[in-house]
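Data from model-v4.cif: mmCIF, C-alpha atoms
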data_entry
loop_
_atom_site.label_atom_id
_atom_site.label_comp_id
_atom_site.auth_asym_id
_atom_site.auth_seq_id
_atom_site.Cartn_x
_atom_site.Cartn_y
_atom_site.Cartn_z
CA MET A 1 0.00 0.00 0.00
CA ASN A 2 1.19 3.51 -0.76
CA THR A 3 2.16 5.18 2.51
CA SER A 4 3.81 8.22 0.99
CA GLY A 5 2.68 11.49 -0.53
CA SER A 6 -0.96 12.35 0.13
CA GLY A 7 -1.99 8.74 0.89
CA ILE A 8 -2.23 6.84 4.17
CA LYS A 9 -0.02 7.82 7.09
CA ILE A 10 0.26 5.98 10.42
CA PHE A 11 1.43 7.95 13.47
CA CYS A 12 1.54 7.07 17.14
CA GLY A 13 2.10 8.61 20.54
CA ASN A 14 4.04 6.91 23.33
CA SER A 15 1.32 4.63 24.72
CA ASN A 16 1.71 1.58 22.45
CA THR A 17 4.50 2.07 19.92
CA GLU A 18 5.02 -1.67 19.47
CA LEU A 19 1.45 -2.27 18.31
CA ALA A 20 1.56 0.78 16.04
CA SER A 21 4.77 -0.52 14.44
CA LYS A 22 3.19 -3.95 13.85
CA ILE A 23 0.15 -2.31 12.20
CA ALA A 24 2.35 -0.15 9.94
CA GLU A 25 4.50 -3.15 9.01
CA ILE A 26 1.44 -5.20 8.00
CA LEU A 27 0.31 -2.28 5.84
CA GLY A 28 3.73 -2.20 4.17
CA GLY A 29 4.88 1.11 5.60
CA GLU A 30 6.51 2.73 8.58
CA ILE A 31 5.41 4.93 11.47
CA GLY A 32 5.29 8.60 10.43
CA GLU A 33 7.98 10.91 11.74
CA ALA A 34 6.86 12.78 14.86
CA GLU A 35 8.37 13.81 18.16
CA VAL A 36 6.10 13.49 21.19
CA SER A 37 7.90 14.63 24.32
CA THR A 38 7.37 16.81 27.39
CA PHE A 39 8.56 20.21 28.49
CA SER A 40 10.31 20.55 31.84
CA ASP A 41 7.00 21.31 33.59
CA GLY A 42 5.30 18.20 32.18
CA GLU A 43 3.38 19.83 29.32
CA ILE A 44 3.29 17.66 26.20
CA SER A 45 5.16 18.83 23.11
CA VAL A 46 4.34 17.49 19.64
CA ASN A 47 6.34 18.07 16.45
CA ILE A 48 5.16 16.50 13.19
CA LEU A 49 8.29 16.09 11.05
CA GLU A 50 6.72 15.34 7.65
CA THR A 51 3.98 16.77 5.51
CA VAL A 52 0.45 15.44 6.04
CA ARG A 53 -1.41 17.86 3.76
CA GLY A 54 -4.33 16.01 2.18
CA ALA A 55 -3.24 12.69 3.73
CA ASP A 56 -5.41 10.06 5.40
CA VAL A 57 -3.88 10.15 8.90
CA PHE A 58 -4.36 7.37 11.47
CA VAL A 59 -3.15 8.14 15.00
CA VAL A 60 -2.63 4.93 17.01
CA GLN A 61 -2.83 5.66 20.73
CA SER A 62 -4.35 3.61 23.55
CA THR A 63 -5.46 5.65 26.56
CA ASN A 64 -4.04 3.25 29.12
CA PRO A 65 -2.10 4.35 32.24
CA PRO A 66 -0.81 7.00 32.51
CA VAL A 67 -4.27 7.72 31.11
CA ASN A 68 -4.21 11.51 31.27
CA ASP A 69 -0.80 11.81 29.60
CA ASN A 70 -1.74 9.39 26.82
CA LEU A 71 -5.10 11.08 26.23
CA MET A 72 -3.48 14.53 26.04
CA GLU A 73 -0.84 13.22 23.62
CA LEU A 74 -3.62 11.97 21.36
CA LEU A 75 -5.59 15.23 21.54
CA ILE A 76 -2.54 17.41 20.84
CA MET A 77 -1.46 15.19 17.93
CA ILE A 78 -4.96 15.38 16.42
CA ASP A 79 -4.88 19.18 16.79
CA ALA A 80 -1.47 19.31 15.08
CA PHE A 81 -2.70 17.21 12.13
CA LYS A 82 -5.85 19.29 11.78
CA ARG A 83 -3.80 22.52 11.65
CA ALA A 84 -1.42 20.86 9.15
CA SER A 85 -4.35 20.33 6.73
CA ALA A 86 -4.56 16.53 6.95
CA GLY A 87 -7.27 15.22 4.64
CA ARG A 88 -8.91 12.99 7.28
CA ILE A 89 -7.88 12.16 10.84
CA THR A 90 -8.82 8.81 12.37
CA ALA A 91 -8.17 8.34 16.08
CA VAL A 92 -7.21 4.68 16.52
CA LEU A 93 -7.79 3.78 20.18
CA PRO A 94 -7.15 0.05 20.71
CA TYR A 95 -8.14 0.74 24.34
CA TYR A 96 -10.63 3.53 25.09
CA GLY A 97 -9.97 4.84 28.61
CA TYR A 98 -12.48 6.56 30.91
CA ALA A 99 -15.13 4.20 29.54
CA ARG A 100 -16.28 2.71 32.85
CA GLN A 101 -18.23 5.84 33.77
CA ASP A 102 -20.66 5.47 30.88
CA ARG A 103 -23.91 6.44 32.64
CA LYS A 104 -25.24 8.09 35.77
CA ALA A 105 -25.42 5.20 38.23
CA LYS A 106 -26.21 7.59 41.07
CA ALA A 107 -26.86 11.31 41.58
CA ARG A 108 -24.10 13.72 40.51
CA ASP A 109 -22.08 11.11 38.63
CA PRO A 110 -20.04 12.31 35.62
CA ILE A 111 -20.26 10.49 32.28
CA THR A 112 -16.58 10.46 31.35
CA ALA A 113 -17.04 8.20 28.31
CA LYS A 114 -19.18 10.94 26.73
CA LEU A 115 -16.74 13.67 27.84
CA VAL A 116 -13.83 11.93 26.10
CA ALA A 117 -15.95 11.44 22.97
CA ASP A 118 -16.69 15.19 22.93
CA ILE A 119 -13.09 16.31 23.36
CA LEU A 120 -11.81 13.90 20.70
CA THR A 121 -14.30 15.38 18.26
CA THR A 122 -13.52 18.95 19.31
CA ALA A 123 -9.77 18.30 18.88
CA GLY A 124 -10.47 17.45 15.24
CA ALA A 125 -10.91 13.68 14.88
CA ASP A 126 -13.03 12.80 11.84
CA ARG A 127 -13.42 9.15 12.75
CA VAL A 128 -12.70 6.73 15.60
CA LEU A 129 -11.47 3.14 15.35
CA THR A 130 -11.50 1.18 18.60
CA MET A 131 -11.95 -2.29 20.06
CA ASP A 132 -14.22 -3.77 22.74
CA LEU A 133 -15.67 -0.66 24.32
CA HIS A 134 -16.66 -1.19 27.96
CA ALA A 135 -20.27 -0.59 26.85
CA ALA A 136 -21.47 -0.71 23.25
CA GLN A 137 -23.65 2.39 23.69
CA ILE A 138 -20.49 4.54 23.89
CA GLN A 139 -20.55 4.48 20.08
CA GLY A 140 -23.64 6.66 20.33
CA TYR A 141 -21.78 9.32 22.32
CA PHE A 142 -19.95 10.32 19.13
CA ASN A 143 -21.32 12.46 16.32
CA ILE A 144 -18.62 11.12 14.00
CA PRO A 145 -18.30 7.57 12.56
CA VAL A 146 -17.07 4.90 15.00
CA ASP A 147 -15.76 1.53 13.88
CA HIS A 148 -16.00 -0.88 16.81
CA LEU A 149 -13.81 -3.97 16.40
CA LEU A 150 -14.27 -7.14 18.46
CA GLY A 151 -11.56 -8.95 20.39
CA VAL A 152 -13.55 -12.17 20.91
CA PRO A 153 -12.55 -13.82 17.59
CA ILE A 154 -8.86 -13.32 18.46
CA LEU A 155 -9.30 -14.86 21.92
CA ALA A 156 -11.47 -17.66 20.49
CA LYS A 157 -8.71 -18.59 18.03
CA TYR A 158 -6.36 -19.37 20.93
CA PHE A 159 -8.85 -21.68 22.63
CA LYS A 160 -9.80 -23.41 19.36
CA GLU A 161 -6.13 -24.24 18.77
CA LYS A 162 -5.87 -25.50 22.36
CA ASN A 163 -8.71 -27.93 21.60
CA LEU A 164 -10.08 -28.10 25.15
CA LYS A 165 -12.82 -30.62 25.97
CA ASP A 166 -15.96 -30.05 28.09
CA VAL A 167 -15.72 -26.24 27.87
CA VAL A 168 -18.08 -23.77 29.54
CA VAL A 169 -17.69 -20.03 28.94
CA VAL A 170 -18.37 -18.03 32.09
CA SER A 171 -19.40 -14.38 32.40
CA PRO A 172 -17.92 -12.83 35.58
CA ASP A 173 -21.02 -10.65 35.97
CA LEU A 174 -24.36 -9.88 34.33
CA GLY A 175 -22.81 -7.07 32.27
CA SER A 176 -20.51 -9.41 30.34
CA VAL A 177 -23.13 -11.97 29.30
CA THR A 178 -23.23 -10.81 25.65
CA ARG A 179 -19.45 -11.07 25.40
CA ALA A 180 -19.51 -14.54 26.97
CA ARG A 181 -22.25 -15.60 24.56
CA ASN A 182 -20.16 -14.45 21.58
CA LEU A 183 -17.15 -16.47 22.74
CA ALA A 184 -19.38 -19.47 23.47
CA ASN A 185 -20.78 -19.29 19.93
CA HIS A 186 -17.25 -19.33 18.50
CA LEU A 187 -16.36 -22.37 20.62
CA ASP A 188 -19.76 -24.08 20.33
CA ALA A 189 -19.93 -24.22 24.13
CA PRO A 190 -22.58 -23.48 26.79
CA ILE A 191 -22.34 -20.47 29.11
CA ALA A 192 -22.60 -19.86 32.85
CA ILE A 193 -22.92 -16.61 34.80
CA ILE A 194 -21.42 -15.51 38.11
CA ASP A 195 -24.01 -13.50 40.02
CA LYS A 196 -22.16 -11.10 42.29
CA ARG A 197 -22.76 -8.00 44.36
CA ARG A 198 -20.18 -5.19 44.35
CA PRO A 199 -20.20 -3.27 47.67
CA LYS A 200 -17.86 -0.54 46.33
CA ALA A 201 -15.57 0.19 43.37
CA ASN A 202 -12.85 -2.43 42.72
CA VAL A 203 -14.32 -4.73 45.42
CA ALA A 204 -16.38 -7.70 44.25
CA GLU A 205 -18.30 -10.23 46.33
CA ILE A 206 -19.30 -13.55 44.78
CA MET A 207 -22.88 -14.62 45.37
CA ASN A 208 -23.61 -17.73 43.28
CA ILE A 209 -23.14 -19.37 39.87
CA ILE A 210 -25.91 -19.79 37.29
CA GLY A 211 -25.20 -22.76 35.04
CA GLU A 212 -23.46 -26.14 35.14
CA ILE A 213 -19.68 -25.95 35.61
CA GLU A 214 -18.86 -29.00 37.75
CA GLY A 215 -16.08 -31.09 36.16
CA LYS A 216 -15.80 -28.67 33.21
CA ASN A 217 -12.96 -26.62 31.78
CA VAL A 218 -14.19 -23.07 32.29
CA ILE A 219 -13.17 -19.89 30.46
CA LEU A 220 -13.85 -16.58 32.19
CA ILE A 221 -14.09 -13.63 29.80
CA ASP A 222 -14.20 -9.88 30.40
CA ASP A 223 -13.47 -6.80 28.28
CA MET A 224 -10.78 -5.58 30.69
CA ILE A 225 -8.95 -6.69 33.82
CA ASP A 226 -7.89 -3.82 36.07
CA THR A 227 -7.09 -4.84 39.67
CA ALA A 228 -8.08 -8.46 38.87
CA GLY A 229 -10.36 -8.70 41.91
CA THR A 230 -13.44 -9.73 39.91
CA ILE A 231 -11.69 -12.28 37.70
CA THR A 232 -9.65 -13.98 40.47
CA GLN A 233 -12.55 -14.15 42.93
CA GLY A 234 -14.67 -15.56 40.13
CA ALA A 235 -12.01 -18.14 39.26
CA ASN A 236 -11.66 -19.21 42.90
CA ALA A 237 -15.44 -19.52 43.27
CA LEU A 238 -15.66 -21.64 40.09
CA LYS A 239 -13.01 -23.97 41.46
CA GLU A 240 -14.91 -24.28 44.74
CA PHE A 241 -18.06 -25.15 42.80
CA GLY A 242 -16.23 -28.04 41.12
CA ALA A 243 -14.74 -26.65 37.92
CA LYS A 244 -11.82 -28.60 36.49
CA ASP A 245 -9.32 -26.09 35.01
CA VAL A 246 -10.02 -22.35 35.05
CA TYR A 247 -8.85 -20.16 32.17
CA ALA A 248 -9.41 -16.42 31.87
CA CYS A 249 -9.21 -13.98 28.98
CA CYS A 250 -9.71 -10.30 28.28
CA THR A 251 -9.06 -7.81 25.51
CA HIS A 252 -7.60 -5.01 27.64
CA PRO A 253 -4.98 -5.98 30.28
CA VAL A 254 -4.90 -2.84 32.44
CA LEU A 255 -3.51 -4.93 35.34
CA SER A 256 -3.03 -2.14 37.88
CA GLY A 257 -2.30 -2.21 41.60
CA PRO A 258 -2.40 -5.74 43.08
CA ALA A 259 -3.49 -7.38 39.80
CA MET A 260 -0.35 -9.42 39.10
CA GLU A 261 -0.06 -10.71 42.65
CA ARG A 262 -3.73 -11.74 42.63
CA ILE A 263 -3.37 -13.54 39.28
CA GLU A 264 -0.22 -15.38 40.35
CA ASN A 265 -1.89 -16.51 43.61
CA SER A 266 -5.19 -17.50 41.96
CA VAL A 267 -6.34 -20.82 40.54
CA ILE A 268 -6.28 -19.37 37.01
CA LYS A 269 -4.28 -21.76 34.84
CA GLU A 270 -3.78 -19.35 31.92
CA LEU A 271 -4.72 -15.74 31.26
CA ILE A 272 -5.03 -14.87 27.58
CA ILE A 273 -4.81 -11.17 26.74
CA THR A 274 -4.29 -8.99 23.67
CA ASP A 275 -1.77 -6.21 23.07
CA THR A 276 -4.26 -3.31 22.96
CA ILE A 277 -2.31 -2.26 26.07
CA PRO A 278 1.42 -3.06 26.19
CA LEU A 279 2.47 -5.45 28.95
CA PRO A 280 5.64 -4.15 30.63
CA PRO A 281 8.44 -6.68 31.32
CA GLU A 282 7.81 -6.66 35.08
CA LYS A 283 4.26 -7.94 34.47
CA HIS A 284 5.23 -10.86 32.24
CA SER A 285 4.26 -14.22 33.67
CA ASP A 286 4.21 -17.88 32.64
CA LYS A 287 0.44 -17.74 33.15
CA ILE A 288 -0.06 -14.92 30.62
CA LYS A 289 -0.34 -15.49 26.87
CA ILE A 290 -0.50 -12.49 24.51
CA MET A 291 -2.43 -12.42 21.23
CA THR A 292 -1.85 -9.50 18.86
CA VAL A 293 -4.68 -7.36 17.49
CA ALA A 294 -2.40 -5.79 14.84
CA PRO A 295 -3.76 -7.76 11.83
CA VAL A 296 -7.37 -6.80 12.67
CA PHE A 297 -6.53 -3.12 13.08
CA ALA A 298 -4.37 -3.12 9.95
CA GLU A 299 -7.19 -4.63 7.89
CA ALA A 300 -9.69 -2.14 9.33
CA ILE A 301 -7.37 0.77 8.48
CA ARG A 302 -6.88 -0.61 4.96
CA ARG A 303 -10.66 -0.83 4.52
CA ILE A 304 -11.29 2.68 5.87
CA TYR A 305 -8.59 4.09 3.59
CA ASN A 306 -10.04 2.30 0.54
CA ASN A 307 -13.66 3.15 1.51
CA VAL A 308 -14.54 -0.54 1.80
CA SER A 309 -16.96 -1.99 4.36
CA VAL A 310 -15.39 -2.61 7.78
CA SER A 311 -18.39 -4.70 8.88
CA LYS A 312 -17.10 -7.55 6.68
CA LEU A 313 -14.49 -8.14 9.37
CA PHE A 314 -17.27 -9.40 11.64
CA ASP A 315 -18.53 -12.07 9.22
#
Once more with this new file: its structure as structure tokens, please.
Amino acid sequence: MNTSGSGIKIFCGNSNTELASKIAEILGGEIGEAEVSTFSDGEISVNILETVRGADVFVVQSTNPPVNDNLMELLIMIDAFKRASAGRITAVLPYYGYARQDRKAKARDPITAKLVADILTTAGADRVLTMDLHAAQIQGYFNIPVDHLLGVPILAKYFKEKNLKDVVVVSPDLGSVTRARNLANHLDAPIAIIDKRRPKANVAEIMNIIGEIEGKNVILIDDMIDTAGTITQGANALKEFGAKDVYACCTHPVLSGPAMERIENSVIKELIITDTIPLPPEKHSDKIKIMTVAPVFAEAIRRIYNNVSVSKLFD
């Protein structure tokens, strides 16, 4: 694919340079030249070192921790491209941060998922490409096109190749049932649901399990794992209820705070993640297997650039 002149150009901030490089390589090009650094006081400085006039620009930047720095890098880069007369600017967010506050659950709650959608649009993004939003309705918070890719087929591929027997896909809560159903359909397996009550943020209490999991190989699936409280408590409960081996998977491995310690000390046999968020060396573990999302994003970018249907990727 032509990645020079006024054609397609892939740029990235500092959040996930490895994934951005993989995407560019699959597309037959290189990451565009840009310097994204900070001033002495912490303000972000962006210098675009090549022309983007009339080009189809794709900015690859996950808004993972440090969330605020990565989000500001993305916004400032979009502003720079807009002022440099880019033909179209697509914000490529493999992981969309601030998505958990997607509604008013109680009085005076903010809706940060909508706020981020607004500021991305105001900065100058013409389109958004992302994967596994925390809630599908976040697509509706944008007044620009959103292409929402799915991580389930990538995770399903790993388990198909593993060829497990007597599999049950388990949703760690009621909110993840649709995701669990999608994975179960790929694996031709039944589902079960963990019914839990959450007394406060990042603290989960297991109540009971809906479905038959005794003597089965179970696969827990969630869109993201942050402190790993939900997934490890769920895994331990499944084991207590008679599950054979417990596997877990997610698209976005935030893995903050005590997450790694909890995973290492849990009954989880393997945790399968994707590289929407880079996993630093200190978080690598024999339990963790990483699947890349680069081919899916590269194909989506190719289709957007060529004005071809992205929905075909879901067939």
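Counting all atoms listed in the file and comparing A:Val293, A:Leu75, A:Leu174, A:Leu183, the residue that lies closest to Ala156 (chain A) is A:Leu183.
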Just how far from CA of Lys196 (chain A) is CA of Ile219 (chain A), in Å to one decimal?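 Atom-to-atom, CA of Ile219 (chain A) and CA of Lys196 (chain A) are spaced 17.3 Å apart.
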What's the separation between CA of Glu73 (chain A) and CA of Thr276 (chain A), in Å to one decimal place?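 Separation between CA of Glu73 (chain A) and CA of Thr276 (chain A): 16.9 Å.
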Between CA of Pro281 (chain A) and CA of Thr227 (chain A) - distance in Å to one decimal: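 Computing it gives 17.7 Å between the two atoms.
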Target residues per the PyMOL selection byres ((chain A and resi 116) around 10), formatted as a list in words: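 For this structure, the PyMOL selection byres ((chain A and resi 116) around 10) captures Leu71, Leu75, Tyr96, Gly97, Tyr98, Ala99, Ile111, Thr112, Ala113, Lys114, Leu115, Ala117, Asp118, Ile119, Leu120, Thr121, Thr122, Tyr141 and Phe142 of chain A.
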Apply the PyMOL selection byres ((chain A and resi 10) around 8) to the file shown and report the selected residues as a count of residues only. 13
Given the file above and the PyMOL selection byres ((chain A and resi 133) around 10), which residues are selected, and can you give them as a ChimeraX atom specification? /A:93-97,99-100,113,130-132,134-139,148-150,223-224,251-252
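The residue set within 8 Å of Glu18 (chain A), counting only C-alpha atoms and dropping same-chain residues fewer than 3 places from it, reads Ser21, Lys22 and Pro278 of chain A.
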Since fewer atoms than expected are present, regenerate N, CA, C and O atoms for region 288-306 of chain A and write them as a CSV table (one decimal), in the frame of the given file.
chain,number,residue,atom,x,y,z
A,288,ILE,N,0.5,-15.9,31.6
A,288,ILE,CA,-0.1,-14.9,30.6
A,288,ILE,C,0.4,-15.2,29.2
A,288,ILE,O,1.6,-15.3,28.9
A,289,LYS,N,-0.6,-15.3,28.3
A,289,LYS,CA,-0.3,-15.5,26.9
A,289,LYS,C,-0.9,-14.3,26.1
A,289,LYS,O,-2.0,-13.9,26.4
A,290,ILE,N,-0.1,-13.7,25.2
A,290,ILE,CA,-0.5,-12.5,24.5
A,290,ILE,C,-0.8,-12.8,23.1
A,290,ILE,O,0.0,-13.4,22.3
A,291,MET,N,-2.0,-12.3,22.6
A,291,MET,CA,-2.4,-12.4,21.2
A,291,MET,C,-2.4,-11.0,20.6
A,291,MET,O,-2.8,-10.1,21.3
A,292,THR,N,-1.9,-10.8,19.4
A,292,THR,CA,-1.8,-9.5,18.9
A,292,THR,C,-3.1,-9.1,18.1
A,292,THR,O,-3.7,-10.0,17.4
A,293,VAL,N,-3.5,-7.9,18.2
A,293,VAL,CA,-4.7,-7.4,17.5
A,293,VAL,C,-4.2,-6.6,16.2
A,293,VAL,O,-5.1,-6.1,15.5
A,294,ALA,N,-2.9,-6.6,16.0
A,294,ALA,CA,-2.4,-5.8,14.8
A,294,ALA,C,-3.0,-6.1,13.5
A,294,ALA,O,-3.4,-5.2,12.7
A,295,PRO,N,-3.2,-7.4,13.1
A,295,PRO,CA,-3.8,-7.8,11.8
A,295,PRO,C,-5.2,-7.2,11.7
A,295,PRO,O,-5.6,-6.8,10.6
A,296,VAL,N,-6.0,-7.3,12.7
A,296,VAL,CA,-7.4,-6.8,12.7
A,296,VAL,C,-7.4,-5.3,12.5
A,296,VAL,O,-8.2,-4.8,11.6
A,297,PHE,N,-6.6,-4.6,13.2
A,297,PHE,CA,-6.5,-3.1,13.1
A,297,PHE,C,-6.0,-2.7,11.7
A,297,PHE,O,-6.5,-1.8,11.1
A,298,ALA,N,-5.0,-3.4,11.3
A,298,ALA,CA,-4.4,-3.1,10.0
A,298,ALA,C,-5.4,-3.3,8.8
A,298,ALA,O,-5.5,-2.4,7.9
A,299,GLU,N,-6.2,-4.4,8.9
A,299,GLU,CA,-7.2,-4.6,7.9
A,299,GLU,C,-8.3,-3.6,8.0
A,299,GLU,O,-8.8,-3.1,6.9
A,300,ALA,N,-8.7,-3.2,9.2
A,300,ALA,CA,-9.7,-2.1,9.3
A,300,ALA,C,-9.2,-0.8,8.7
A,300,ALA,O,-10.0,-0.1,8.1
A,301,ILE,N,-7.9,-0.5,9.0
A,301,ILE,CA,-7.4,0.8,8.5
A,301,ILE,C,-7.3,0.7,7.0
A,301,ILE,O,-7.7,1.7,6.3
A,302,ARG,N,-6.9,-0.5,6.4
A,302,ARG,CA,-6.9,-0.6,5.0
A,302,ARG,C,-8.3,-0.4,4.4
A,302,ARG,O,-8.4,0.3,3.3
A,303,ARG,N,-9.3,-0.9,5.0
A,303,ARG,CA,-10.7,-0.8,4.5
A,303,ARG,C,-11.2,0.6,4.6
A,303,ARG,O,-11.9,1.1,3.7
A,304,ILE,N,-10.9,1.3,5.7
A,304,ILE,CA,-11.3,2.7,5.9
A,304,ILE,C,-10.6,3.5,4.8
A,304,ILE,O,-11.3,4.4,4.1
A,305,TYR,N,-9.3,3.3,4.6
A,305,TYR,CA,-8.6,4.1,3.6
A,305,TYR,C,-9.2,3.9,2.2
A,305,TYR,O,-9.3,4.8,1.4
A,306,ASN,N,-9.5,2.6,1.9
A,306,ASN,CA,-10.0,2.3,0.5
A,306,ASN,C,-11.6,2.4,0.4
A,306,ASN,O,-12.1,2.1,-0.6
